[in-house]
Every structure is written in C-alpha cells, then in structure tokens.
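Visitor: This is the structure I have questions about; it appears just below.
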Amino acid sequence: MPKSKRLIIGLGNPGPEYERTRHNIGFQVADAVAEKARITFTRERGDVLLGWGRMRGYPFGVAKPQTFMNRSGRAVYTLVQRYGLETQEMLVVVDDINLPPGTIRIRPNGSAGGHNGLQDIIDSLSTADFPRLRFGIGSNFSRGRQADYVLSPFSEEEQPVVEEARLRARDAALTFVSDGVVTTMNRFNK
C-alpha cells in the first residue's frame, strides 16, 4: 500500500458545556488519537481544529470541526478539498444510539443511519462513500428525549466500558492510518 495521507475526523459540538457528553465521543476519540501520536491541534480556516503527525511512517491528520455537529459537512468538505484527499482516505468518528455503550463498528461506507452530522457530510461531499467508525452510546431514553440523552454525560456505571472502548477506537483509528479500512474492520469489528 502506498504511504498516503489520511485524516481522522472526530465529530462533536464545540464548547465546554458539550465536552463530556455522549454526542462528543468523536471529539474524545480524536483527542485520544492526538495524544497517542503527540499531535497538537491548531485552529484552521474553515472552522476546524487540526493537527498533523505520523504513525509508522504514514502521515495523517486529526480534525475536530468547530461547527455544531449537524453542520459538520462544510468543514469536512473544506478539509477534503484543501488537502486533496479522496473520501476513502478519511475516517469519520461518530456517536451511534443504535449500538450499546462502548461498542464500536467500522464500515467502509453506508447511510447516515439517522445521524444528522453524518447526513450533513454526505450532503456536502455528495457521497456516502467514506469510512466511518460508529461508537455506541446506547439508547436508554424515553420517547421524545433523544436530544437530552445524547447531550448528557455517560453514567458512572458506563464510564469503565466507555473508557476502554475509547482506547480501542483510538487504536482502530491508528490502524486505519497504517493498514486501511479492511484490516481495521477485521481487527476491531467484534
């Protein structure tokens, strides 16, 4: 495989009030990737925090769009255009209410699955053909309370499972950088 540039994009909402929420698990995984690779974020044009590093000789970036979750598409489109990336060279990390807390699933492409952040990226790129890592946050909410649920922190009981999964998601993202999406799926989709 040629040593191509890759980009890990964690989705979340900017601001300290959202920092530890379920909806910001994409940011939390991006932070873990950056920490492991000793990457420092800087603010870039296009409302994004971005840092570059290397993993086993492979150059890659880690990005956190600073638009709200449901408007992530413009920032992602700008990154893809600015750095001349193919959509298969980026991995979008996002929360998923359809998976139990701490479950991760990597896919090479697919629908938004009801996730507005993914849908905005699909609309902005005019394609759903990009890898994504879905991080389970569970669905323990009453009818009509989804927004409150995703904007709440994980429970104390969920914390150990979520932290272990956050590190697995970090390792999956780094495997994507060096080995691609198929190897990552085979190793981490359990």
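For the structure tokens, the naming scheme is as follows: chains receive sequential letters (A, B, ...) according to their order of presentation, residues are indexed from 1 within each chain, and ligands are indexed from 1 in presentation order.
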Set the distance at 10 Å and use only C-alpha atoms: which residues neighbour Asn24 in chain A once local chain neighbours fewer than 5 positions away are removed? I'd like the list as a PyMOL selection string.

Guide: chain A and resi 10-14+18-19+29-30+69+93-95+150-153

Visitor: Go ahead and write the selection's residues with N, CA and C atoms as a compact mmCIF listing (two decimals), in the first residue's frame.

Guide:
# COMPACT_ATOMS: atom_id res chain seq x y z
N GLY A 10 -13.09 13.54 14.08
CA GLY A 10 -14.00 13.28 15.18
C GLY A 10 -15.10 14.31 15.19
N LEU A 11 -16.35 13.85 15.26
CA LEU A 11 -17.49 14.78 15.30
C LEU A 11 -17.92 15.06 16.72
N GLY A 12 -18.36 16.28 16.95
CA GLY A 12 -18.85 16.70 18.25
C GLY A 12 -19.37 18.12 18.17
N ASN A 13 -19.67 18.69 19.29
CA ASN A 13 -20.12 20.08 19.39
C ASN A 13 -19.04 20.88 20.11
N PRO A 14 -18.74 22.09 19.62
CA PRO A 14 -17.72 22.91 20.29
C PRO A 14 -18.26 23.50 21.59
N TYR A 18 -20.43 20.98 26.21
CA TYR A 18 -20.67 19.72 25.50
C TYR A 18 -19.52 18.72 25.65
N GLU A 19 -18.45 19.15 26.26
CA GLU A 19 -17.20 18.41 26.28
C GLU A 19 -17.34 16.94 26.67
N VAL A 29 -12.46 10.62 21.06
CA VAL A 29 -11.59 9.67 20.35
C VAL A 29 -10.50 10.43 19.60
N ALA A 30 -10.86 11.53 18.93
CA ALA A 30 -9.86 12.34 18.23
C ALA A 30 -8.79 12.83 19.20
N MET A 69 -22.44 19.85 15.50
CA MET A 69 -22.49 18.51 14.93
C MET A 69 -23.27 18.43 13.62
N VAL A 93 -15.38 9.68 12.90
CA VAL A 93 -15.71 9.03 14.17
C VAL A 93 -16.93 9.73 14.75
N VAL A 94 -17.97 8.94 15.03
CA VAL A 94 -19.27 9.50 15.39
C VAL A 94 -19.98 8.63 16.42
N ASP A 95 -20.83 9.25 17.23
CA ASP A 95 -21.66 8.52 18.19
C ASP A 95 -22.79 7.79 17.48
N VAL A 150 -28.45 12.41 24.28
CA VAL A 150 -27.15 12.50 23.62
C VAL A 150 -26.32 13.66 24.15
N LEU A 151 -26.98 14.66 24.73
CA LEU A 151 -26.26 15.80 25.29
C LEU A 151 -25.98 15.65 26.79
N SER A 152 -26.15 14.42 27.28
CA SER A 152 -25.84 14.13 28.69
C SER A 152 -24.55 13.31 28.75
N PRO A 153 -23.88 13.32 29.90
CA PRO A 153 -22.66 12.50 30.05
C PRO A 153 -23.01 11.03 30.23

Visitor: Select from chain A everything DSSP, run on the backbone, classes as alpha helix (DSSP H), then give the selection as a VMD selection string.

Guide: chain A and resid 25 to 36 72 to 82 116 to 125 146 to 150 159 to 188

Visitor: Give me, please, the distance in Å between CA of Lys5 in chain A and CA of Ala112 in chain A, quoted to one decimal.

Guide: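 Those two atoms sit 24.6 Å apart.
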
Visitor: Would you work out the distance separating CA of Ser178 in chain A from CA of Glu164 in chain A, expressed in Å to one decimal?

Guide: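 Between these atoms lies a distance of 21.6 Å.
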
Visitor: Please provide as a PyMOL selection string all residues within 12 Å of Gly51 in chain A, with the sequence filter that same-chain residues fewer than 6 positions apart are discarded (counting only C-alpha atoms).

Guide: chain A and resi 6-9+30-31+33-35+37-44+59-65+79
